[in-house]
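Printed here is entry_0.pdb (PDB, C-alpha atoms and all ligand atoms):
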```
MODEL        1
ATOM      1  CA  MET C   1       0.000   0.000   0.000  1.00  0.00           C
ATOM      2  CA  ASN C   2       1.493   3.363  -0.987  1.00  0.00           C
ATOM      3  CA  ARG C   3       1.037   6.762   0.627  1.00  0.00           C
ATOM      4  CA  PHE C   4      -1.747   7.704  -1.777  1.00  0.00           C
ATOM      5  CA  ASP C   5      -3.702   4.547  -0.881  1.00  0.00           C
ATOM      6  CA  LEU C   6      -3.709   5.752   2.724  1.00  0.00           C
ATOM      7  CA  ASP C   7      -4.665   9.293   1.697  1.00  0.00           C
ATOM      8  CA  ALA C   8      -7.463   8.336  -0.707  1.00  0.00           C
ATOM      9  CA  LEU C   9     -10.247   8.109   1.864  1.00  0.00           C
ATOM     10  CA  THR C  10      -9.781  11.654   3.169  1.00  0.00           C
ATOM     11  CA  TRP C  11      -8.230  13.229   0.050  1.00  0.00           C
ATOM     12  CA  ASP C  12     -11.270  15.390  -0.763  1.00  0.00           C
ATOM     13  CA  ASP C  13     -11.600  16.750   2.787  1.00  0.00           C
ATOM     14  CA  LEU C  14      -8.892  19.381   2.402  1.00  0.00           C
ATOM     15  CA  PRO C  15     -10.363  22.628   0.998  1.00  0.00           C
ATOM     16  CA  ARG C  16      -6.980  23.688  -0.398  1.00  0.00           C
ATOM     17  CA  ARG C  17      -6.939  20.579  -2.649  1.00  0.00           C
ATOM     18  CA  VAL C  18     -10.492  21.192  -3.808  1.00  0.00           C
ATOM     19  CA  ASN C  19      -9.724  24.859  -4.503  1.00  0.00           C
ATOM     20  CA  LEU C  20      -6.627  23.999  -6.506  1.00  0.00           C
ATOM     21  CA  ALA C  21      -8.605  21.448  -8.541  1.00  0.00           C
ATOM     22  CA  LYS C  22     -11.319  24.075  -9.190  1.00  0.00           C
ATOM     23  CA  ALA C  23      -8.696  26.478 -10.570  1.00  0.00           C
ATOM     24  CA  VAL C  24      -7.339  23.741 -12.873  1.00  0.00           C
ATOM     25  CA  VAL C  25     -10.823  22.813 -14.123  1.00  0.00           C
ATOM     26  CA  LYS C  26     -11.745  26.482 -14.670  1.00  0.00           C
ATOM     27  CA  ASN C  27      -8.654  26.985 -16.831  1.00  0.00           C
ATOM     28  CA  ILE C  28      -9.189  23.828 -18.898  1.00  0.00           C
ATOM     29  CA  LEU C  29     -12.949  24.166 -19.591  1.00  0.00           C
ATOM     30  CA  PRO C  30     -12.714  27.041 -22.138  1.00  0.00           C
ATOM     31  CA  HIS C  31     -10.498  24.819 -24.328  1.00  0.00           C
ATOM     32  CA  LEU C  32     -12.981  21.938 -24.619  1.00  0.00           C
ATOM     33  CA  LYS C  33     -15.316  21.357 -27.577  1.00  0.00           C
ATOM     34  CA  GLY C  34     -17.447  18.647 -25.963  1.00  0.00           C
ATOM     35  CA  ASP C  35     -16.729  15.590 -28.092  1.00  0.00           C
ATOM     36  CA  GLU C  36     -13.318  14.684 -26.695  1.00  0.00           C
ATOM     37  CA  ARG C  37     -12.101  11.456 -25.095  1.00  0.00           C
ATOM     38  CA  VAL C  38      -9.904  12.596 -22.234  1.00  0.00           C
ATOM     39  CA  LEU C  39      -7.243  10.687 -20.300  1.00  0.00           C
ATOM     40  CA  GLU C  40      -6.304  11.928 -16.843  1.00  0.00           C
ATOM     41  CA  PHE C  41      -3.123  10.445 -15.391  1.00  0.00           C
ATOM     42  CA  GLY C  42      -2.627  10.637 -11.635  1.00  0.00           C
ATOM     43  CA  CYS C  43      -6.400  11.073 -11.502  1.00  0.00           C
ATOM     44  CA  GLY C  44      -6.604  10.616  -7.737  1.00  0.00           C
ATOM     45  CA  THR C  45     -10.176  10.754  -6.463  1.00  0.00           C
ATOM     46  CA  GLY C  46     -11.344  12.632  -9.568  1.00  0.00           C
ATOM     47  CA  LEU C  47     -11.248  16.214  -8.318  1.00  0.00           C
ATOM     48  CA  ILE C  48     -10.317  17.306 -11.838  1.00  0.00           C
ATOM     49  CA  GLY C  49     -11.499  14.518 -14.170  1.00  0.00           C
ATOM     50  CA  LEU C  50     -14.969  14.107 -12.677  1.00  0.00           C
ATOM     51  CA  ASN C  51     -15.581  17.843 -12.955  1.00  0.00           C
ATOM     52  CA  ILE C  52     -14.476  17.821 -16.593  1.00  0.00           C
ATOM     53  CA  ALA C  53     -16.579  14.743 -17.457  1.00  0.00           C
ATOM     54  CA  PRO C  54     -19.933  16.575 -17.981  1.00  0.00           C
ATOM     55  CA  PHE C  55     -18.267  18.717 -20.663  1.00  0.00           C
ATOM     56  CA  VAL C  56     -16.642  15.986 -22.794  1.00  0.00           C
ATOM     57  CA  LYS C  57     -17.542  12.645 -24.358  1.00  0.00           C
ATOM     58  CA  GLU C  58     -15.666  10.525 -21.809  1.00  0.00           C
ATOM     59  CA  VAL C  59     -12.975  10.710 -19.144  1.00  0.00           C
ATOM     60  CA  ILE C  60     -10.651   7.788 -18.477  1.00  0.00           C
ATOM     61  CA  GLY C  61      -8.670   8.162 -15.262  1.00  0.00           C
ATOM     62  CA  ILE C  62      -5.537   6.224 -14.434  1.00  0.00           C
ATOM     63  CA  ASP C  63      -3.615   6.122 -11.194  1.00  0.00           C
ATOM     64  CA  ILE C  64      -1.044   3.774  -9.659  1.00  0.00           C
ATOM     65  CA  SER C  65      -2.937   3.902  -6.337  1.00  0.00           C
ATOM     66  CA  GLU C  66      -5.690   1.311  -6.168  1.00  0.00           C
ATOM     67  CA  LYS C  67      -7.562   3.198  -3.442  1.00  0.00           C
ATOM     68  CA  MET C  68      -7.583   6.431  -5.470  1.00  0.00           C
ATOM     69  CA  VAL C  69      -9.013   4.475  -8.419  1.00  0.00           C
ATOM     70  CA  GLU C  70     -11.714   2.956  -6.182  1.00  0.00           C
ATOM     71  CA  LYS C  71     -12.680   6.394  -4.871  1.00  0.00           C
ATOM     72  CA  PHE C  72     -12.798   7.857  -8.409  1.00  0.00           C
ATOM     73  CA  ASN C  73     -15.070   5.044  -9.617  1.00  0.00           C
ATOM     74  CA  GLU C  74     -17.317   5.258  -6.554  1.00  0.00           C
ATOM     75  CA  LYS C  75     -17.902   8.976  -7.193  1.00  0.00           C
ATOM     76  CA  ALA C  76     -18.319   8.514 -10.966  1.00  0.00           C
ATOM     77  CA  LYS C  77     -21.037   5.936 -10.298  1.00  0.00           C
ATOM     78  CA  ARG C  78     -22.753   7.978  -7.587  1.00  0.00           C
ATOM     79  CA  PHE C  79     -23.010  11.037  -9.851  1.00  0.00           C
ATOM     80  CA  HIS C  80     -23.756   9.004 -13.032  1.00  0.00           C
ATOM     81  CA  LEU C  81     -20.741  10.400 -14.866  1.00  0.00           C
ATOM     82  CA  ASN C  82     -19.225   9.223 -18.145  1.00  0.00           C
ATOM     83  CA  ALA C  83     -15.933   8.474 -16.416  1.00  0.00           C
ATOM     84  CA  LYS C  84     -14.035   5.358 -15.380  1.00  0.00           C
ATOM     85  CA  ALA C  85     -10.670   4.881 -13.699  1.00  0.00           C
ATOM     86  CA  TYR C  86      -8.128   2.057 -13.885  1.00  0.00           C
ATOM     87  CA  LYS C  87      -5.053   1.171 -11.862  1.00  0.00           C
ATOM     88  CA  LYS C  88      -2.328   1.920 -14.389  1.00  0.00           C
ATOM     89  CA  ASP C  89       0.910   3.823 -14.756  1.00  0.00           C
ATOM     90  CA  ILE C  90       1.007   6.481 -17.495  1.00  0.00           C
ATOM     91  CA  PHE C  91       3.952   4.640 -19.071  1.00  0.00           C
ATOM     92  CA  GLU C  92       1.670   1.594 -19.663  1.00  0.00           C
ATOM     93  CA  ILE C  93      -0.789   3.512 -21.842  1.00  0.00           C
ATOM     94  CA  ASP C  94      -0.757   2.937 -25.611  1.00  0.00           C
ATOM     95  CA  GLU C  95      -4.305   3.960 -26.500  1.00  0.00           C
ATOM     96  CA  LYS C  96      -4.769   7.352 -28.181  1.00  0.00           C
ATOM     97  CA  PHE C  97      -6.812  10.204 -26.633  1.00  0.00           C
ATOM     98  CA  ASP C  98      -7.958  13.602 -27.905  1.00  0.00           C
ATOM     99  CA  ILE C  99      -6.710  15.265 -24.727  1.00  0.00           C
ATOM    100  CA  VAL C 100      -4.515  14.231 -21.795  1.00  0.00           C
ATOM    101  CA  ILE C 101      -4.761  16.115 -18.500  1.00  0.00           C
ATOM    102  CA  SER C 102      -2.924  15.870 -15.192  1.00  0.00           C
ATOM    103  CA  SER C 103      -2.647  17.839 -11.971  1.00  0.00           C
ATOM    104  CA  MET C 104      -0.068  17.674  -9.172  1.00  0.00           C
ATOM    105  CA  THR C 105       1.322  14.396 -10.488  1.00  0.00           C
ATOM    106  CA  ILE C 106       4.416  15.067 -12.596  1.00  0.00           C
ATOM    107  CA  HIS C 107       6.513  16.035  -9.552  1.00  0.00           C
ATOM    108  CA  HIS C 108       6.137  12.330  -8.608  1.00  0.00           C
ATOM    109  CA  ILE C 109       7.465  11.166 -11.999  1.00  0.00           C
ATOM    110  CA  LYS C 110      11.224  10.908 -12.304  1.00  0.00           C
ATOM    111  CA  ASN C 111      11.839  10.942 -16.042  1.00  0.00           C
ATOM    112  CA  ILE C 112       9.945  13.899 -17.504  1.00  0.00           C
ATOM    113  CA  LYS C 113      11.680  13.612 -20.895  1.00  0.00           C
ATOM    114  CA  ALA C 114      10.354  10.038 -21.155  1.00  0.00           C
ATOM    115  CA  LEU C 115       6.920  11.297 -20.070  1.00  0.00           C
ATOM    116  CA  SER C 116       6.986  13.924 -22.846  1.00  0.00           C
ATOM    117  CA  LYS C 117       7.795  11.182 -25.374  1.00  0.00           C
ATOM    118  CA  LYS C 118       5.013   8.914 -24.056  1.00  0.00           C
ATOM    119  CA  LEU C 119       2.494  11.772 -24.250  1.00  0.00           C
ATOM    120  CA  LYS C 120       3.495  12.450 -27.877  1.00  0.00           C
ATOM    121  CA  GLU C 121       2.698   8.843 -28.734  1.00  0.00           C
ATOM    122  CA  ILE C 122      -0.840   9.021 -27.367  1.00  0.00           C
ATOM    123  CA  THR C 123      -2.171  12.565 -27.967  1.00  0.00           C
ATOM    124  CA  ASN C 124      -1.798  15.947 -29.663  1.00  0.00           C
ATOM    125  CA  LYS C 125      -2.994  18.062 -26.720  1.00  0.00           C
ATOM    126  CA  VAL C 126      -1.981  18.040 -23.051  1.00  0.00           C
ATOM    127  CA  PHE C 127      -2.885  20.130 -20.001  1.00  0.00           C
ATOM    128  CA  ILE C 128      -0.544  19.760 -17.012  1.00  0.00           C
ATOM    129  CA  ALA C 129      -0.794  21.633 -13.713  1.00  0.00           C
ATOM    130  CA  ASP C 130       1.868  21.345 -11.041  1.00  0.00           C
ATOM    131  CA  LEU C 131       4.000  23.309  -8.615  1.00  0.00           C
ATOM    132  CA  ASP C 132       6.281  26.097  -9.685  1.00  0.00           C
ATOM    133  CA  LYS C 133       9.872  25.607  -8.475  1.00  0.00           C
ATOM    134  CA  GLU C 134       9.750  25.277  -4.666  1.00  0.00           C
ATOM    135  CA  ASP C 135      12.288  24.903  -1.864  1.00  0.00           C
ATOM    136  CA  GLY C 136      11.315  21.354  -0.862  1.00  0.00           C
ATOM    137  CA  SER C 137       9.011  22.470   1.955  1.00  0.00           C
ATOM    138  CA  PHE C 138       5.666  21.881   0.161  1.00  0.00           C
ATOM    139  CA  HIS C 139       5.279  18.244   1.240  1.00  0.00           C
ATOM    140  CA  THR C 140       5.242  18.736   4.973  1.00  0.00           C
ATOM    141  CA  ARG C 141       5.118  14.965   5.601  1.00  0.00           C
ATOM    142  CA  GLY C 142       8.384  14.368   3.776  1.00  0.00           C
ATOM    143  CA  ASN C 143       9.721  14.072   0.252  1.00  0.00           C
ATOM    144  CA  ASP C 144      10.136  10.284  -0.049  1.00  0.00           C
ATOM    145  CA  ASP C 145       8.045   9.962  -3.219  1.00  0.00           C
ATOM    146  CA  VAL C 146       8.797  13.444  -4.560  1.00  0.00           C
ATOM    147  CA  CYS C 147      11.062  13.435  -7.627  1.00  0.00           C
ATOM    148  CA  HIS C 148      11.032  17.198  -8.338  1.00  0.00           C
ATOM    149  CA  PHE C 149      10.649  20.252  -6.099  1.00  0.00           C
ATOM    150  CA  GLY C 150       8.328  21.827  -8.666  1.00  0.00           C
ATOM    151  CA  PHE C 151       9.435  23.073 -12.074  1.00  0.00           C
ATOM    152  CA  SER C 152      10.630  26.421 -13.404  1.00  0.00           C
ATOM    153  CA  LYS C 153       9.249  27.654 -16.738  1.00  0.00           C
ATOM    154  CA  GLU C 154      12.735  27.171 -18.248  1.00  0.00           C
ATOM    155  CA  GLU C 155      12.913  23.531 -17.094  1.00  0.00           C
ATOM    156  CA  LEU C 156       9.468  22.850 -18.530  1.00  0.00           C
ATOM    157  CA  LYS C 157      10.470  24.380 -21.877  1.00  0.00           C
ATOM    158  CA  GLU C 158      13.468  22.091 -21.980  1.00  0.00           C
ATOM    159  CA  TYR C 159      11.569  18.925 -20.952  1.00  0.00           C
ATOM    160  CA  PHE C 160       8.761  19.572 -23.439  1.00  0.00           C
ATOM    161  CA  ASP C 161      10.883  21.099 -26.184  1.00  0.00           C
ATOM    162  CA  ASP C 162       9.207  19.121 -28.978  1.00  0.00           C
ATOM    163  CA  TRP C 163       5.786  20.595 -28.120  1.00  0.00           C
ATOM    164  CA  LYS C 164       4.362  24.076 -28.576  1.00  0.00           C
ATOM    165  CA  MET C 165       3.946  25.216 -24.959  1.00  0.00           C
ATOM    166  CA  GLU C 166       1.689  27.846 -23.395  1.00  0.00           C
ATOM    167  CA  TYR C 167       2.418  28.581 -19.723  1.00  0.00           C
ATOM    168  CA  LYS C 168       0.590  30.460 -16.996  1.00  0.00           C
ATOM    169  CA  ILE C 169       0.383  30.640 -13.213  1.00  0.00           C
ATOM    170  CA  ILE C 170      -3.219  29.803 -12.321  1.00  0.00           C
ATOM    171  CA  HIS C 171      -3.298  29.423  -8.550  1.00  0.00           C
ATOM    172  CA  LYS C 172      -1.540  29.865  -5.210  1.00  0.00           C
ATOM    173  CA  VAL C 173      -1.652  27.090  -2.598  1.00  0.00           C
ATOM    174  CA  LYS C 174      -1.612  28.673   0.833  1.00  0.00           C
ATOM    175  CA  LYS C 175       0.326  26.611   3.400  1.00  0.00           C
ATOM    176  CA  HIS C 176       3.050  27.917   5.732  1.00  0.00           C
ATOM    177  CA  LYS C 177       3.775  30.123   2.692  1.00  0.00           C
ATOM    178  CA  ASP C 178       2.355  30.568  -0.800  1.00  0.00           C
ATOM    179  CA  PHE C 179       3.178  28.041  -3.527  1.00  0.00           C
ATOM    180  CA  ASP C 180       2.432  28.976  -7.147  1.00  0.00           C
ATOM    181  CA  VAL C 181       0.791  26.420  -9.420  1.00  0.00           C
ATOM    182  CA  PHE C 182       1.326  26.569 -13.198  1.00  0.00           C
ATOM    183  CA  LEU C 183      -0.753  25.201 -16.041  1.00  0.00           C
ATOM    184  CA  ILE C 184       0.981  24.303 -19.284  1.00  0.00           C
ATOM    185  CA  ILE C 185      -0.892  23.580 -22.480  1.00  0.00           C
ATOM    186  CA  LEU C 186       1.136  21.428 -24.859  1.00  0.00           C
ATOM    187  CA  THR C 187       0.142  21.179 -28.504  1.00  0.00           C
ATOM    188  CA  ASN C 188       1.768  18.743 -30.845  1.00  0.00           C
ATOM    189  CA  ASN C 189       4.067  20.713 -33.085  1.00  0.00           C
ATOM    190  CA  PRO C 190       3.735  19.081 -36.525  1.00  0.00           C
ATOM    191  CA  ALA C 191       7.188  20.365 -37.484  1.00  0.00           C
ATOM    192  CA  THR C 192       8.868  18.032 -34.964  1.00  0.00           C
TER     193      THR C 192
HETATM  194  C1  LIG C 201      -0.699  14.527  -5.522  1.00  0.00           C
HETATM  195  S1  LIG C 201      -1.752  13.285  -6.151  1.00  0.00           S
HETATM  196  C2  LIG C 201      -2.849  14.249  -7.171  1.00  0.00           C
HETATM  197  C3  LIG C 201      -4.187  13.599  -7.374  1.00  0.00           C
HETATM  198  C4  LIG C 201      -5.181  14.415  -8.200  1.00  0.00           C
HETATM  199  N1  LIG C 201      -4.664  14.702  -9.529  1.00  0.00           N
HETATM  200  C5  LIG C 201      -5.556  15.689  -7.502  1.00  0.00           C
HETATM  201  O1  LIG C 201      -5.111  16.746  -7.931  1.00  0.00           O
HETATM  202  O2  LIG C 201      -6.299  15.629  -6.511  1.00  0.00           O
HETATM  203  C6  LIG C 201      -0.737  12.448  -7.338  1.00  0.00           C
HETATM  204  C7  LIG C 201      -1.340  11.153  -7.856  1.00  0.00           C
HETATM  205  O3  LIG C 201      -0.554  10.674  -8.937  1.00  0.00           O
HETATM  206  C8  LIG C 201      -0.482   9.254  -8.863  1.00  0.00           C
HETATM  207  N2  LIG C 201       0.698   8.868  -9.667  1.00  0.00           N
HETATM  208  C9  LIG C 201       2.008   9.033  -9.358  1.00  0.00           C
HETATM  209  N3  LIG C 201       2.803   8.564 -10.342  1.00  0.00           N
HETATM  210  C10 LIG C 201       1.969   8.079 -11.310  1.00  0.00           C
HETATM  211  C11 LIG C 201       2.182   7.452 -12.582  1.00  0.00           C
HETATM  212  N4  LIG C 201       3.431   7.200 -13.045  1.00  0.00           N
HETATM  213  N5  LIG C 201       1.108   7.086 -13.334  1.00  0.00           N
HETATM  214  C12 LIG C 201      -0.162   7.294 -12.843  1.00  0.00           C
HETATM  215  N6  LIG C 201      -0.422   7.871 -11.638  1.00  0.00           N
HETATM  216  C13 LIG C 201       0.627   8.271 -10.885  1.00  0.00           C
HETATM  217  C14 LIG C 201      -0.432   8.980  -7.366  1.00  0.00           C
HETATM  218  O4  LIG C 201      -0.830   7.666  -7.043  1.00  0.00           O
HETATM  219  C15 LIG C 201      -1.388  10.033  -6.816  1.00  0.00           C
HETATM  220  O5  LIG C 201      -2.717   9.549  -6.707  1.00  0.00           O
ENDMDL
END
```
structure tokens encoding of this file:
Amino acid sequence: MNRFDLDALTWDDLPRRVNLAKAVVKNILPHLKGDERVLEFGCGTGLIGLNIAPFVKEVIGIDISEKMVEKFNEKAKRFHLNAKAYKKDIFEIDEKFDIVISSMTIHHIKNIKALSKKLKEITNKVFIADLDKEDGSFHTRGNDDVCHFGFSKEELKEYFDDWKMEYKIIHKVKKHKDFDVFLIILTNNPAT
């Protein structure tokens, strides 16, 4: 059982998580047409994916935490949403999607260059939200499963250099200090 399995039951109880997810959803919604099949990796309990689901054809969530997946599916069923989650790692996905979304997950993924390559194989459009560069104090319970202390805009440009990238700061998480959260929109650059 990993840390996120233990957290899954109470994940939605923290208003700062819900507020961050709301900011992510708000910034993604204007880009949707309504007919898309969307993959969310690191879907957690569905704070983002389940709120996007009413505005697209279908949301498929994936997460390596079984308990997060259970919670996502429980909520999807309860609210009769066109969404389903599976216990899978993003690197296992080969199916193609119109859009891939993710929030607060890539700082747990070691090889971001490999992630960029994987995303290119499965989609032409990606929305990723995560922490701006931080000092390592965000995860107050320790950094055991944290691979990156956030990301600077320059790092992101380098990691995702074969995509067209739009970048903006969309939210501040208020803890012992403020932590900025960015959203990047990656569009497949046909020239690469
Ligand atoms: C900080 S949580 C964020 C959950 C959700 N996106 C949210 O904002 O509430 C990160 C999630 O990513 C999942 N995760 C980490 N690495 C992953 C990977 N390689 N593939 C799929 N999920 C992953 C974890 O199990 C965890 O549920």
Counting all atoms listed in the file, give me one row per residue of range 24-75 of chain C with an atom at most 10 Å from an atom of range 105-122 of chain C, showing the shortest contact pair and its distance in Å to one decimal, sorted by chain then residue number, as a Markdown table.
```
| residue | atom | partner | partner_atom | distance |
| --- | --- | --- | --- | --- |
| C:Leu39 | CA | C:Ile122 | CA | 9.7 |
| C:Phe41 | CA | C:Thr105 | CA | 7.7 |
| C:Gly42 | CA | C:Thr105 | CA | 5.6 |
| C:Cys43 | CA | C:Thr105 | CA | 8.5 |
| C:Gly44 | CA | C:Thr105 | CA | 9.2 |
| C:Asp63 | CA | C:Thr105 | CA | 9.7 |
```
Let me have the centre and edge lengths of the axis-aligned box enclosing all listed atoms of range 2-14 of chain C with 4 Å padding on every side, in Å to one decimal, as AutoDock Vina command-line options.
```
--center_x -5.1 --center_y 11.4 --center_z 0.7 --size_x 21.1 --size_y 24.0 --size_z 12.9
```
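Of the residues listed (C:Arg16, C:Lys22, C:Arg3, C:Arg78), C:Arg16 shows the shortest atom-to-atom separation from Asp178 in chain C; distances use only C-alpha atoms.
The coordinates place CA of Asp94 in chain C at 17.9 Å from atom C8 of ligand LIG 201 (chain C).
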Taking only residues of chain C that have an atom at most 9 Å from an atom of ligand LIG 201 (chain C), what is each one's shortest atom pair and its distance in Å to one decimal, using all atoms listed in the file, in chain and number order, as a tab-separated table?
```
residue	atom	partner	partner_atom	distance
C:Asn2	CA	C:LIG201	O4	7.8
C:Arg3	CA	C:LIG201	O4	7.9
C:Phe4	CA	C:LIG201	O4	5.3
C:Asp5	CA	C:LIG201	O4	7.5
C:Asp7	CA	C:LIG201	O5	8.6
C:Ala8	CA	C:LIG201	O5	7.7
C:Trp11	CA	C:LIG201	O2	7.2
C:Asp12	CA	C:LIG201	O2	7.6
C:Arg17	CA	C:LIG201	O2	6.3
C:Val18	CA	C:LIG201	O2	7.5
C:Leu20	CA	C:LIG201	O1	7.5
C:Ala21	CA	C:LIG201	O1	5.9
C:Val24	CA	C:LIG201	O1	8.8
C:Glu40	CA	C:LIG201	N1	8.0
C:Phe41	CA	C:LIG201	C12	5.0
C:Gly42	CA	C:LIG201	O3	3.4
C:Cys43	CA	C:LIG201	N1	4.5
C:Gly44	CA	C:LIG201	C3	3.9
C:Thr45	CA	C:LIG201	O2	6.2
C:Gly46	CA	C:LIG201	C4	6.6
C:Leu47	CA	C:LIG201	O2	5.3
C:Ile48	CA	C:LIG201	O1	6.5
C:Gly49	CA	C:LIG201	N1	8.3
C:Gly61	CA	C:LIG201	C12	8.9
C:Ile62	CA	C:LIG201	C12	5.7
C:Asp63	CA	C:LIG201	N6	3.7
C:Ile64	CA	C:LIG201	N6	4.6
C:Ser65	CA	C:LIG201	O4	4.4
C:Glu66	CA	C:LIG201	O4	8.0
C:Lys67	CA	C:LIG201	O5	8.6
C:Met68	CA	C:LIG201	O5	5.9
C:Val69	CA	C:LIG201	O5	8.3
C:Lys87	CA	C:LIG201	C12	7.9
C:Lys88	CA	C:LIG201	C12	6.0
C:Asp89	CA	C:LIG201	N5	3.6
C:Ile90	CA	C:LIG201	N5	4.2
C:Phe91	CA	C:LIG201	N4	6.6
C:Glu92	CA	C:LIG201	N5	8.4
C:Ser102	CA	C:LIG201	N1	6.0
C:Ser103	CA	C:LIG201	N1	4.5
C:Met104	CA	C:LIG201	C2	4.8
C:Thr105	CA	C:LIG201	C6	4.2
C:Ile106	CA	C:LIG201	N3	7.1
C:His107	CA	C:LIG201	C9	8.3
C:His108	CA	C:LIG201	N3	5.3
C:Ile109	CA	C:LIG201	N3	5.6
C:Lys110	CA	C:LIG201	N4	8.7
C:Leu115	CA	C:LIG201	N4	8.8
C:Ala129	CA	C:LIG201	O1	8.7
C:Asp130	CA	C:LIG201	O1	8.9
C:Asp145	CA	C:LIG201	C9	8.7
```
Using only C-alpha atoms, please write the residues we just selected to a file, as a compact mmCIF listing (two decimals), in the coordinates of the input.
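Below is the file that was written, selection-v2.txt:
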```txt
# COMPACT_ATOMS: atom_id res chain seq x y z
CA ASN C 2 1.49 3.36 -0.99
CA ARG C 3 1.04 6.76 0.63
CA PHE C 4 -1.75 7.70 -1.78
CA ASP C 5 -3.70 4.55 -0.88
CA ASP C 7 -4.66 9.29 1.70
CA ALA C 8 -7.46 8.34 -0.71
CA TRP C 11 -8.23 13.23 0.05
CA ASP C 12 -11.27 15.39 -0.76
CA ARG C 17 -6.94 20.58 -2.65
CA VAL C 18 -10.49 21.19 -3.81
CA LEU C 20 -6.63 24.00 -6.51
CA ALA C 21 -8.60 21.45 -8.54
CA VAL C 24 -7.34 23.74 -12.87
CA GLU C 40 -6.30 11.93 -16.84
CA PHE C 41 -3.12 10.44 -15.39
CA GLY C 42 -2.63 10.64 -11.64
CA CYS C 43 -6.40 11.07 -11.50
CA GLY C 44 -6.60 10.62 -7.74
CA THR C 45 -10.18 10.75 -6.46
CA GLY C 46 -11.34 12.63 -9.57
CA LEU C 47 -11.25 16.21 -8.32
CA ILE C 48 -10.32 17.31 -11.84
CA GLY C 49 -11.50 14.52 -14.17
CA GLY C 61 -8.67 8.16 -15.26
CA ILE C 62 -5.54 6.22 -14.43
CA ASP C 63 -3.62 6.12 -11.19
CA ILE C 64 -1.04 3.77 -9.66
CA SER C 65 -2.94 3.90 -6.34
CA GLU C 66 -5.69 1.31 -6.17
CA LYS C 67 -7.56 3.20 -3.44
CA MET C 68 -7.58 6.43 -5.47
CA VAL C 69 -9.01 4.47 -8.42
CA LYS C 87 -5.05 1.17 -11.86
CA LYS C 88 -2.33 1.92 -14.39
CA ASP C 89 0.91 3.82 -14.76
CA ILE C 90 1.01 6.48 -17.50
CA PHE C 91 3.95 4.64 -19.07
CA GLU C 92 1.67 1.59 -19.66
CA SER C 102 -2.92 15.87 -15.19
CA SER C 103 -2.65 17.84 -11.97
CA MET C 104 -0.07 17.67 -9.17
CA THR C 105 1.32 14.40 -10.49
CA ILE C 106 4.42 15.07 -12.60
CA HIS C 107 6.51 16.04 -9.55
CA HIS C 108 6.14 12.33 -8.61
CA ILE C 109 7.46 11.17 -12.00
CA LYS C 110 11.22 10.91 -12.30
CA LEU C 115 6.92 11.30 -20.07
CA ALA C 129 -0.79 21.63 -13.71
CA ASP C 130 1.87 21.34 -11.04
CA ASP C 145 8.04 9.96 -3.22
```
(Q) Between CA of Tyr167 in chain C and CA of Ile185 in chain C, what distance in Å does the model show, to one decimal? (A) 6.6 Å
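Ranking C:Ala85, C:Ile99, C:Val181, C:Lys33 by their shortest atom-to-atom distance to Lys125 in chain C, with all atoms listed in the file included, puts C:Ile99 first.
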Starting from the displayed file, determine the output of the PyMOL selection byres (((chain C and resi 36) around 8) and not hetatm) and express the residue list as an mmCIF file with C-alpha atoms, keeping the file's coordinate frame.
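What follows is the written file part_14.cif:
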```
data_model
loop_
_atom_site.group_PDB
_atom_site.id
_atom_site.type_symbol
_atom_site.label_atom_id
_atom_site.label_comp_id
_atom_site.auth_asym_id
_atom_site.auth_seq_id
_atom_site.Cartn_x
_atom_site.Cartn_y
_atom_site.Cartn_z
ATOM 1 C CA LEU C 32 -12.981 21.938 -24.619
ATOM 2 C CA LYS C 33 -15.316 21.357 -27.577
ATOM 3 C CA GLY C 34 -17.447 18.647 -25.963
ATOM 4 C CA ASP C 35 -16.729 15.590 -28.092
ATOM 5 C CA ARG C 37 -12.101 11.456 -25.095
ATOM 6 C CA VAL C 38 -9.904 12.596 -22.234
ATOM 7 C CA VAL C 56 -16.642 15.986 -22.794
ATOM 8 C CA LYS C 57 -17.542 12.645 -24.358
ATOM 9 C CA GLU C 58 -15.666 10.525 -21.809
ATOM 10 C CA PHE C 97 -6.812 10.204 -26.633
ATOM 11 C CA ASP C 98 -7.958 13.602 -27.905
ATOM 12 C CA ILE C 99 -6.710 15.265 -24.727
#
```
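If only C-alpha atoms are the atoms counted, then among C:Asp135, C:Thr123, C:Gly142, C:Leu9 the closest residue to Trp163 in chain C is C:Thr123.
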Run the PyMOL selection byres (((chain C and resi 186) around 7) and not hetatm) mentally over the shown coordinates, then write out the matched residues as an mmCIF file with C-alpha atoms, in the coordinates of the input, using the chain letters and numbers from the document.
```cif
data_model
loop_
_atom_site.group_PDB
_atom_site.id
_atom_site.type_symbol
_atom_site.label_atom_id
_atom_site.label_comp_id
_atom_site.auth_asym_id
_atom_site.auth_seq_id
_atom_site.Cartn_x
_atom_site.Cartn_y
_atom_site.Cartn_z
ATOM 1 C CA LYS C 125 -2.994 18.062 -26.720
ATOM 2 C CA VAL C 126 -1.981 18.040 -23.051
ATOM 3 C CA PHE C 127 -2.885 20.130 -20.001
ATOM 4 C CA TRP C 163 5.786 20.595 -28.120
ATOM 5 C CA LYS C 164 4.362 24.076 -28.576
ATOM 6 C CA MET C 165 3.946 25.216 -24.959
ATOM 7 C CA GLU C 166 1.689 27.846 -23.395
ATOM 8 C CA ILE C 184 0.981 24.303 -19.284
ATOM 9 C CA ILE C 185 -0.892 23.580 -22.480
ATOM 10 C CA THR C 187 0.142 21.179 -28.504
ATOM 11 C CA ASN C 188 1.768 18.743 -30.845
#
```
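What the PyMOL selection byres (((chain C and resi 169) around 8) and not hetatm) picks from this file is Tyr167, Lys168, Ile170, His171, Asp180, Val181, Phe182 and Leu183 of chain C.
Across C:Cys147, C:Val100, C:Val173, C:Leu29, the tightest approach to Ile60 in chain C is made by C:Val100 when counting all atoms listed in the file.
Proximity of C:Glu154, C:Thr140, C:Ile93, C:Phe149 to His176 in chain C, computed with all atoms listed in the file, is greatest for C:Thr140.
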